[in-house]
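K.L.:
mmCIF, C-alpha atoms, file work-v4.cif:
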```cif
data_work
#
loop_
_atom_site.label_atom_id
_atom_site.label_comp_id
_atom_site.auth_asym_id
_atom_site.auth_seq_id
_atom_site.Cartn_x
_atom_site.Cartn_y
_atom_site.Cartn_z
CA MET A 1403 -2.39 -22.82 -9.19
CA ALA A 1404 0.20 -20.55 -10.84
CA ASN A 1405 -1.75 -20.36 -14.11
CA THR A 1406 -4.98 -19.65 -12.22
CA GLU A 1407 -3.27 -16.90 -10.24
CA ARG A 1408 -1.82 -15.36 -13.39
CA SER A 1409 -5.25 -14.89 -14.94
CA TYR A 1410 -6.39 -12.90 -11.90
CA MET A 1411 -3.44 -10.53 -11.57
CA GLY A 1412 -2.94 -6.84 -12.40
CA TYR A 1413 -4.37 -5.22 -9.27
CA ILE A 1414 -3.55 -2.33 -6.93
CA VAL A 1415 -3.84 -3.22 -3.23
CA SER A 1416 -3.70 -0.70 -0.39
CA ILE A 1417 -2.09 -1.83 2.89
CA ALA A 1418 -4.00 0.50 5.18
CA ASN A 1419 -5.15 1.28 8.71
CA MET A 1420 -5.71 4.76 10.14
CA LYS A 1421 -3.82 3.66 13.26
CA GLY A 1422 -0.03 3.78 13.27
CA GLY A 1423 2.27 1.05 14.56
CA VAL A 1424 0.13 -1.88 13.41
CA GLY A 1425 2.60 -3.36 10.91
CA LYS A 1426 1.52 -1.85 7.59
CA THR A 1427 5.06 -1.41 6.29
CA THR A 1428 6.28 -4.75 7.60
CA ILE A 1429 3.45 -6.54 5.82
CA ALA A 1430 3.90 -4.53 2.62
CA VAL A 1431 7.61 -5.21 2.16
CA ASN A 1432 7.62 -8.84 3.33
CA LEU A 1433 4.46 -9.82 1.46
CA ALA A 1434 5.80 -8.19 -1.71
CA THR A 1435 9.12 -9.99 -1.33
CA CYS A 1436 7.45 -13.38 -0.87
CA LEU A 1437 5.15 -12.82 -3.83
CA ALA A 1438 8.10 -11.97 -6.08
CA ARG A 1439 10.57 -14.55 -4.76
CA ASP A 1440 8.32 -17.53 -4.05
CA ARG A 1441 5.40 -17.00 -6.43
CA GLN A 1442 7.29 -15.36 -9.34
CA LYS A 1443 5.02 -12.31 -9.39
CA ARG A 1444 5.98 -8.91 -10.75
CA VAL A 1445 5.42 -6.67 -7.72
CA LEU A 1446 5.80 -2.94 -7.17
CA ILE A 1447 5.90 -1.40 -3.69
CA VAL A 1448 4.77 2.24 -3.55
CA ASP A 1449 5.88 4.09 -0.40
CA LEU A 1450 3.25 6.73 0.42
CA ASP A 1451 4.56 7.53 3.89
CA THR A 1452 6.72 10.61 4.58
CA GLN A 1453 8.64 8.53 7.14
CA ILE A 1454 9.79 6.41 4.14
CA ASN A 1455 9.84 3.27 6.30
CA ALA A 1456 9.08 0.97 3.36
CA THR A 1457 11.91 2.52 1.36
CA LEU A 1458 14.40 2.20 4.22
CA SER A 1459 13.21 -1.37 4.87
CA MET A 1460 14.52 -2.24 1.40
CA MET A 1461 17.68 -0.13 1.04
CA PRO A 1462 20.31 1.68 3.17
CA PRO A 1463 19.98 5.47 3.66
CA LEU A 1464 22.89 6.11 1.27
CA TYR A 1465 20.99 4.37 -1.54
CA PHE A 1466 17.94 6.50 -0.80
CA ALA A 1467 20.05 9.67 -0.71
CA LYS A 1468 21.31 8.84 -4.20
CA LEU A 1469 17.75 8.28 -5.47
CA LYS A 1470 16.65 11.58 -3.94
CA GLN A 1471 19.57 13.41 -5.53
CA GLU A 1472 18.55 11.92 -8.89
CA ARG A 1473 14.90 12.97 -8.22
CA ARG A 1474 13.84 9.32 -8.36
CA THR A 1475 11.15 9.50 -5.66
CA LEU A 1476 7.37 9.83 -5.53
CA LYS A 1477 7.79 13.56 -4.91
CA THR A 1478 8.93 14.08 -8.51
CA LEU A 1479 5.90 12.29 -9.93
CA VAL A 1480 3.47 14.22 -7.72
CA HIS A 1481 5.02 17.54 -8.77
CA GLN A 1482 4.93 16.59 -12.44
CA THR A 1483 1.32 15.45 -12.28
CA ILE A 1484 -0.01 18.52 -10.48
CA ARG A 1485 2.16 21.08 -12.27
CA THR A 1486 2.56 20.90 -16.02
CA ASP A 1487 5.38 23.48 -16.06
CA THR A 1488 7.88 21.20 -14.29
CA GLU A 1489 11.25 21.25 -16.02
CA GLU A 1490 13.15 18.11 -17.01
CA ARG A 1491 10.31 15.64 -16.56
CA LEU A 1492 11.14 12.06 -15.59
CA SER A 1493 8.99 9.08 -16.51
CA ILE A 1494 7.85 6.69 -13.80
CA GLU A 1495 9.85 3.96 -15.58
CA LYS A 1496 13.05 5.91 -14.89
CA ILE A 1497 12.10 6.65 -11.29
CA ILE A 1498 11.26 3.10 -10.18
CA TYR A 1499 14.11 1.17 -8.51
CA ARG A 1500 14.05 -2.32 -10.02
CA ASP A 1501 14.92 -5.77 -8.66
CA ILE A 1502 15.50 -4.37 -5.19
CA CYS A 1503 17.31 -6.61 -2.68
CA GLN A 1504 18.39 -8.54 -5.80
CA ILE A 1505 14.94 -10.12 -6.07
CA LYS A 1506 13.88 -10.44 -9.69
CA GLY A 1507 10.51 -8.83 -10.29
CA LEU A 1508 10.49 -6.86 -7.02
CA ASP A 1509 10.51 -3.09 -7.59
CA ILE A 1510 9.92 -0.02 -5.43
CA LEU A 1511 8.73 3.53 -5.99
CA ALA A 1512 10.61 5.27 -3.21
CA GLY A 1513 8.88 7.64 -0.85
CA ASP A 1514 10.10 11.07 0.14
CA VAL A 1515 10.26 12.96 3.42
CA GLU A 1516 8.94 16.06 1.65
CA LEU A 1517 5.74 17.13 -0.10
CA TYR A 1518 2.92 14.87 1.02
CA ASP A 1519 1.26 17.04 3.66
CA ASP A 1520 -1.92 18.76 2.55
CA PHE A 1521 -0.49 22.24 3.16
CA VAL A 1522 2.25 21.79 0.54
CA LEU A 1523 -0.16 20.11 -1.85
CA SER A 1524 -2.58 23.01 -1.35
CA ALA A 1525 0.12 25.44 -2.46
CA LEU A 1526 0.79 23.41 -5.59
CA ILE A 1527 -2.91 23.14 -6.42
CA ALA A 1528 -3.48 26.85 -5.74
CA GLY A 1529 -0.75 27.66 -8.23
CA LYS A 1530 -2.35 25.45 -10.84
CA SER A 1531 -5.81 26.94 -10.30
CA GLN A 1532 -4.70 30.60 -10.23
CA SER A 1533 -6.02 30.73 -6.62
CA HIS A 1534 -9.68 31.27 -7.65
CA GLN A 1535 -11.82 29.48 -5.06
CA GLN A 1536 -14.06 27.62 -7.49
CA ASP A 1537 -11.09 26.61 -9.62
CA PHE A 1538 -9.20 25.59 -6.48
CA GLU A 1539 -12.02 23.34 -5.25
CA ARG A 1540 -12.46 21.81 -8.69
CA THR A 1541 -8.71 21.23 -9.06
CA TRP A 1542 -8.40 19.83 -5.52
CA ASN A 1543 -11.19 17.31 -6.14
CA ASN A 1544 -9.71 16.33 -9.48
CA VAL A 1545 -6.28 15.78 -7.91
CA GLU A 1546 -7.74 13.76 -5.03
CA ASN A 1547 -9.78 11.59 -7.38
CA ASN A 1548 -7.04 10.94 -9.91
CA LEU A 1549 -3.52 11.67 -8.63
CA ILE A 1550 -2.34 8.15 -7.71
CA ARG A 1551 -4.34 6.55 -10.52
CA VAL A 1552 -2.68 8.83 -13.07
CA LEU A 1553 0.79 8.27 -11.59
CA LEU A 1554 0.49 4.49 -11.86
CA LYS A 1555 -1.39 4.25 -15.16
CA PRO A 1556 1.73 4.06 -17.40
CA ILE A 1557 3.12 1.00 -15.60
CA ILE A 1558 0.13 -0.84 -14.14
CA LYS A 1559 0.14 -3.48 -16.88
CA GLN A 1560 3.79 -4.23 -16.18
CA TYR A 1561 2.96 -5.69 -12.76
CA ASP A 1562 0.93 -8.52 -11.34
CA LEU A 1563 0.44 -6.57 -8.13
CA ILE A 1564 1.09 -3.04 -6.89
CA LEU A 1565 1.14 -2.76 -3.09
CA LEU A 1566 0.62 0.71 -1.61
CA ASP A 1567 2.17 1.21 1.83
CA PHE A 1568 0.05 3.77 3.72
CA PRO A 1569 0.94 6.28 6.41
CA PRO A 1570 -1.41 6.50 9.40
CA GLY A 1571 -4.13 9.13 9.24
CA ASP A 1572 -6.15 10.71 6.46
CA SER A 1573 -4.85 13.01 3.72
CA LEU A 1574 -5.27 13.82 0.05
CA ILE A 1575 -2.59 11.24 -0.78
CA THR A 1576 -4.26 8.42 1.17
CA ARG A 1577 -7.71 9.20 -0.22
CA SER A 1578 -6.34 9.30 -3.75
CA ALA A 1579 -4.55 5.99 -3.15
CA LEU A 1580 -7.74 4.32 -1.93
CA LEU A 1581 -9.60 5.58 -4.99
CA ALA A 1582 -6.88 4.12 -7.23
CA SER A 1583 -6.98 0.71 -5.52
CA HIS A 1584 -8.96 -2.38 -6.44
CA TYR A 1585 -8.60 -3.94 -2.96
CA TYR A 1586 -7.30 -3.14 0.50
CA LEU A 1587 -5.68 -5.22 3.24
CA ILE A 1588 -5.90 -4.18 6.90
CA PRO A 1589 -3.01 -4.96 9.27
CA ALA A 1590 -4.24 -4.83 12.87
CA LYS A 1591 -3.17 -5.57 16.40
CA ALA A 1592 -5.77 -7.28 18.55
CA GLU A 1593 -6.22 -4.18 20.71
CA PRO A 1594 -8.95 -1.51 21.03
CA LEU A 1595 -7.05 1.38 19.38
CA SER A 1596 -6.35 -0.74 16.32
CA VAL A 1597 -10.09 -1.41 16.05
CA VAL A 1598 -10.69 2.35 16.14
CA GLY A 1599 -8.24 2.75 13.24
CA ILE A 1600 -10.14 0.11 11.26
CA GLY A 1601 -13.43 1.86 11.94
CA LEU A 1602 -12.06 5.20 10.73
CA LEU A 1603 -10.69 3.55 7.58
CA GLU A 1604 -13.98 1.79 6.81
CA SER A 1605 -15.89 5.04 7.34
CA ARG A 1606 -13.60 6.92 4.96
CA ILE A 1607 -13.87 4.20 2.30
CA GLU A 1608 -17.67 4.26 2.48
CA GLN A 1609 -17.62 8.05 2.00
CA LEU A 1610 -15.33 7.73 -1.01
CA LYS A 1611 -17.54 5.05 -2.53
CA LYS A 1612 -20.63 7.27 -2.25
CA VAL A 1613 -18.96 10.27 -3.85
CA ASN A 1614 -16.92 8.47 -6.49
CA ARG A 1615 -18.83 5.21 -6.90
CA GLY A 1616 -15.62 3.31 -6.32
CA ALA A 1617 -15.46 -0.45 -6.29
CA ILE A 1618 -12.63 -1.00 -3.80
CA GLU A 1619 -13.15 -4.17 -1.72
CA SER A 1620 -11.61 -5.54 1.46
CA LEU A 1621 -9.33 -8.56 1.29
CA GLY A 1622 -9.52 -8.83 5.05
CA ILE A 1623 -7.66 -8.29 8.31
CA VAL A 1624 -4.22 -9.64 9.20
CA TYR A 1625 -3.30 -9.75 12.88
CA THR A 1626 0.22 -8.58 13.69
CA SER A 1627 2.45 -8.54 16.78
CA ARG A 1628 0.77 -11.66 18.09
CA GLY A 1629 2.17 -12.74 21.42
CA GLN A 1630 0.65 -14.34 24.49
CA VAL A 1631 -3.14 -14.43 24.16
CA THR A 1632 -5.01 -12.22 26.65
CA ASP A 1633 -8.70 -11.77 27.47
CA MET A 1634 -8.60 -8.34 25.83
CA GLU A 1635 -7.25 -9.81 22.60
CA ARG A 1636 -9.94 -12.50 22.60
CA LYS A 1637 -12.63 -9.83 23.00
CA VAL A 1638 -11.16 -7.69 20.20
CA LYS A 1639 -10.92 -10.65 17.82
CA TYR A 1640 -14.46 -11.74 18.63
CA ARG A 1641 -15.74 -8.21 17.99
CA LEU A 1642 -14.00 -8.02 14.59
CA GLU A 1643 -15.25 -11.48 13.60
CA GLN A 1644 -18.79 -10.43 14.45
CA GLU A 1645 -18.46 -7.19 12.50
CA PHE A 1646 -16.61 -8.39 9.39
CA GLY A 1647 -17.23 -12.16 9.34
CA THR A 1648 -14.72 -14.94 9.84
CA GLU A 1649 -13.98 -15.12 6.11
CA LYS A 1650 -12.46 -11.63 6.33
CA ILE A 1651 -9.97 -12.66 9.04
CA PHE A 1652 -6.72 -14.13 7.72
CA SER A 1653 -5.79 -17.41 9.38
CA THR A 1654 -2.10 -16.47 9.13
CA GLU A 1655 -1.04 -14.23 12.01
CA ILE A 1656 2.28 -12.40 12.25
CA PRO A 1657 3.96 -13.09 15.60
CA LEU A 1658 5.80 -10.60 17.77
CA ASN A 1659 9.37 -11.33 16.70
CA VAL A 1660 12.58 -9.43 17.46
CA ASP A 1661 14.06 -10.55 14.14
CA VAL A 1662 11.55 -8.37 12.31
CA ALA A 1663 12.92 -5.25 14.06
CA ARG A 1664 16.50 -6.37 13.48
CA ALA A 1665 15.82 -6.80 9.78
CA VAL A 1666 14.66 -3.17 9.55
CA ASP A 1667 17.98 -2.09 11.10
CA ASP A 1668 19.72 -4.05 8.33
CA PHE A 1669 17.50 -2.42 5.67
CA GLN A 1670 16.08 -5.72 4.48
CA PRO A 1671 12.77 -7.58 4.82
CA VAL A 1672 12.90 -10.23 7.54
CA VAL A 1673 12.15 -12.98 4.99
CA LEU A 1674 15.59 -12.24 3.50
CA ASN A 1675 17.47 -11.19 6.61
CA SER A 1676 16.33 -13.99 8.97
CA PRO A 1677 14.50 -16.55 6.78
CA HIS A 1678 14.26 -19.17 9.55
CA SER A 1679 12.71 -16.83 12.14
CA SER A 1680 9.09 -17.18 13.21
CA GLY A 1681 8.26 -13.81 11.64
CA ALA A 1682 9.71 -14.79 8.26
CA LYS A 1683 7.89 -18.13 8.26
CA ALA A 1684 4.59 -16.35 8.95
CA PHE A 1685 5.05 -14.05 5.95
CA VAL A 1686 5.88 -17.03 3.74
CA LYS A 1687 2.51 -18.52 4.78
CA LEU A 1688 0.71 -15.22 4.32
CA ALA A 1689 1.58 -14.87 0.61
CA PRO A 1690 -0.39 -17.88 -0.72
CA GLU A 1691 -3.34 -17.09 1.58
CA PHE A 1692 -3.32 -13.53 0.24
CA LEU A 1693 -3.39 -14.83 -3.35
CA ARG A 1694 -6.19 -17.29 -2.62
CA LYS A 1695 -8.37 -14.54 -1.14
CA LEU A 1696 -7.57 -12.21 -4.04
CA VAL A 1697 -8.39 -14.84 -6.68
CA LYS A 1698 -11.65 -15.71 -4.91
CA LEU A 1699 -12.81 -12.08 -4.79
CA VAL A 1700 -11.84 -11.33 -8.38
CA LYS A 1701 -13.52 -14.50 -9.63
CA SER A 1702 -16.70 -13.67 -7.72
CA LYS A 1703 -16.73 -10.14 -9.13
CA ARG A 1704 -16.30 -11.43 -12.69
CA GLU A 1705 -19.10 -13.96 -12.28
CA ASN A 1706 -21.45 -11.29 -10.92
CA LYS A 1707 -20.88 -9.19 -14.04
CA ARG A 1708 -22.02 -11.96 -16.37
#
```
Starting from the coordinates I provided, produce the structure as C-alpha cells.
P.N.:
Amino acid sequence: MANTERSYMGYIVSIANMKGGVGKTTIAVNLATCLARDRQKRVLIVDLDTQINATLSMMPPLYFAKLKQERRTLKTLVHQTIRTDTEERLSIEKIIYRDICQIKGLDILAGDVELYDDFVLSALIAGKSQSHQQDFERTWNNVENNLIRVLLKPIIKQYDLILLDFPPGDSLITRSALLASHYYLIPAKAEPLSVVGIGLLESRIEQLKKVNRGAIESLGIVYTSRGQVTDMERKVKYRLEQEFGTEKIFSTEIPLNVDVARAVDDFQPVVLNSPHSSGAKAFVKLAPEFLRKLVKLVKSKRENKR
C-alpha cells in the first residue's frame, strides 16, 4: 500500500467549510500528524486563519512570538508576493518551521494575526497597481487567482501532501487557496448550520470553476463532534447522503471528546497529547481512509485522461 500511495502523492488539500466551529483545525493538525508519523508522509500544514489556531495547536505562544519576530509567518510571504519592493526577502524554505512536535516530516507554515483581511490586502494591491481602477481590478484578480499557488510553488515537490487550514467565511485568501488546491475535505457537524456552510462552500467552488476552469474535487465530508445520536442528526446525515452520495461520506467520525480540547491547551495535537483517547483513535483511523479516497480519485482522474 505504501508504494501505491507514494505514486499518488504531491497534492494540495483544503480543509474547508464556510461555517466556523466544525473542527477544521482539529482535523488539519491531527490528520497531518498521523500522515507524517504513521504513514511516513512529508506533510506541510498551512495556517490561513488569522486566529492562528492551527499554529497554536502545534506550538506554545512563545514559539510563535519568536517566529513572528523573525518574520517567519505567512504574512511575510504574502507581502513579498504582492509587493516586489519588500526589503530583505525571505524564502519560503527559511520561513517554514520543520519537524514540528518532533515529528519527522511534519512541517508548518505559521499563520499570522495580521494582514489577511481584504481591506489590508486591498491597500497592498492598490499600491501595486498605482490605484488606477482598471489596473486595480486586473491586479486583484491576478492576486486572487495566483497568490497561494505562487507562494507554495517553490516547495510543492518537497511534500507528499500540503494541508490548508481554512478560516470560516469567504475572502481573497480562501478563494486563492481553493484555486491552488487539487482537492478539498469538508469537516461538518451533523446540524443544520453546518449544512448551510457546506452549501456556501460548494456554491463558491462552482463559481471559481466556471471563471477559472479549476479542477478541484471533493474528497468528502467528515463528521465531527459526534455524540449521542438525535433525530435531527439523522435527518441532516440523510440529507447530505442524498445530496452528495454515500461514497462522499467518510465512515470515520470524530467523537466529541474532552481530550481534544485539553490537547489544544497543551499546544499539541490530541494524537500526541492523549494517544489512547477516543478522539486520537478516530484520527488514527481517519488517515488511511483519507489516503484511500485520495488514491482512488487521483487514479480515476489519470485513467480518464488516457
K.L.:
So how far away is atom CA of A:Ser1653 from atom CA of A:Ala1590, in Å?
P.N.:
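Between these atoms lies a distance of 13.1 Å.
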K.L.:
For the structure shown, which residues end up in the PyMOL selection byres ((chain A and resi 1646) around 12)? Put them as a list in words, please?
P.N.:
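After applying the PyMOL selection byres ((chain A and resi 1646) around 12), what remains is Ile1588, Val1597, Ile1600, Gly1601, Glu1604, Ser1620, Leu1621, Gly1622, Ile1623, Lys1639, Tyr1640, Arg1641, Leu1642, Glu1643, Gln1644, Glu1645, Gly1647, Thr1648, Glu1649, Lys1650, Ile1651 and Phe1652 of chain A.
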K.L.:
How far is it from atom CA of A:Ile1656 to atom CA of A:Ser1679, in Å with one decimal?
P.N.:
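Spanning atom CA of A:Ile1656 to atom CA of A:Ser1679 is a straight-line distance of 11.3 Å.
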K.L.:
Written as a list of chain:residue names, what is the full residue list that the PyMOL selection byres ((chain A and resi 1513) around 7) yields on the file shown?
P.N.:
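Given this file, the PyMOL selection byres ((chain A and resi 1513) around 7) evaluates to A:Asp1449, A:Leu1450, A:Asp1451, A:Thr1452, A:Ile1454, A:Thr1457, A:Thr1475, A:Leu1476, A:Leu1511, A:Ala1512, A:Asp1514, A:Val1515.
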K.L.:
Given the choices A:Val1480, A:Ile1494, A:Val1552, A:Cys1436, which gets closest to A:Gly1507 if the distance is worked out from only C-alpha atoms?
P.N.:
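With only C-alpha atoms as the atom set, the closest residue is A:Cys1436.
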K.L.:
What are the nearest atom pairs, with distances in Å to one decimal, for all residues of stretch 1667-1703 of chain A that come at most 10 Å from stretch 1500-1503 of chain A, using all atoms listed in the file, set out by chain and rising residue number as CSV?
P.N.:
```
residue,atom,partner,partner_atom,distance
A:Phe1669,CA,A:Cys1503,CA,9.3
A:Gln1670,CA,A:Cys1503,CA,7.3
A:Pro1671,CA,A:Cys1503,CA,8.8
A:Leu1674,CA,A:Cys1503,CA,8.5
```
K.L.:
Using only C-alpha atoms, can you tell me which of A:Leu1508, A:Ile1417, A:Leu1688, A:Ile1618 comes closest to A:Tyr1561?
P.N.:
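Nearest to A:Tyr1561: A:Leu1508.
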K.L.:
Which residue is closest to A:Glu1619? Choose from A:Lys1703, A:Arg1577, A:Lys1695, A:His1584 and count only C-alpha atoms.
P.N.:
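For A:Glu1619, the nearest of the candidates is A:His1584.
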K.L.:
Choose the residue, out of A:Gly1571, A:Gly1681, A:Pro1594, A:Pro1657, that has the smallest atom-to-atom separation from A:Val1638; count all atoms listed in the file.
P.N.:
A:Pro1594
K.L.:
Every residue with an atom at most 9 Å from (-1.5, 9.9, -1.3) (file coordinates; all atoms listed in the file) is what I'm after, so could you write them as a list in words?
P.N.:
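Every polymer residue passing the test: Leu1450, Asp1451, Tyr1518, Glu1546, Leu1549, Ile1550, Phe1568, Pro1569, Ser1573, Leu1574, Ile1575, Thr1576, Arg1577, Ser1578, Ala1579 and Leu1580 of chain A.
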K.L.:
Point out the residue among A:Lys1555, A:Glu1593, A:Ala1617, A:Phe1685 with the least atom-to-atom distance to A:Arg1636, counting all atoms listed in the file.
P.N.:
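Checking each candidate against A:Arg1636, we get A:Glu1593 as the closest.
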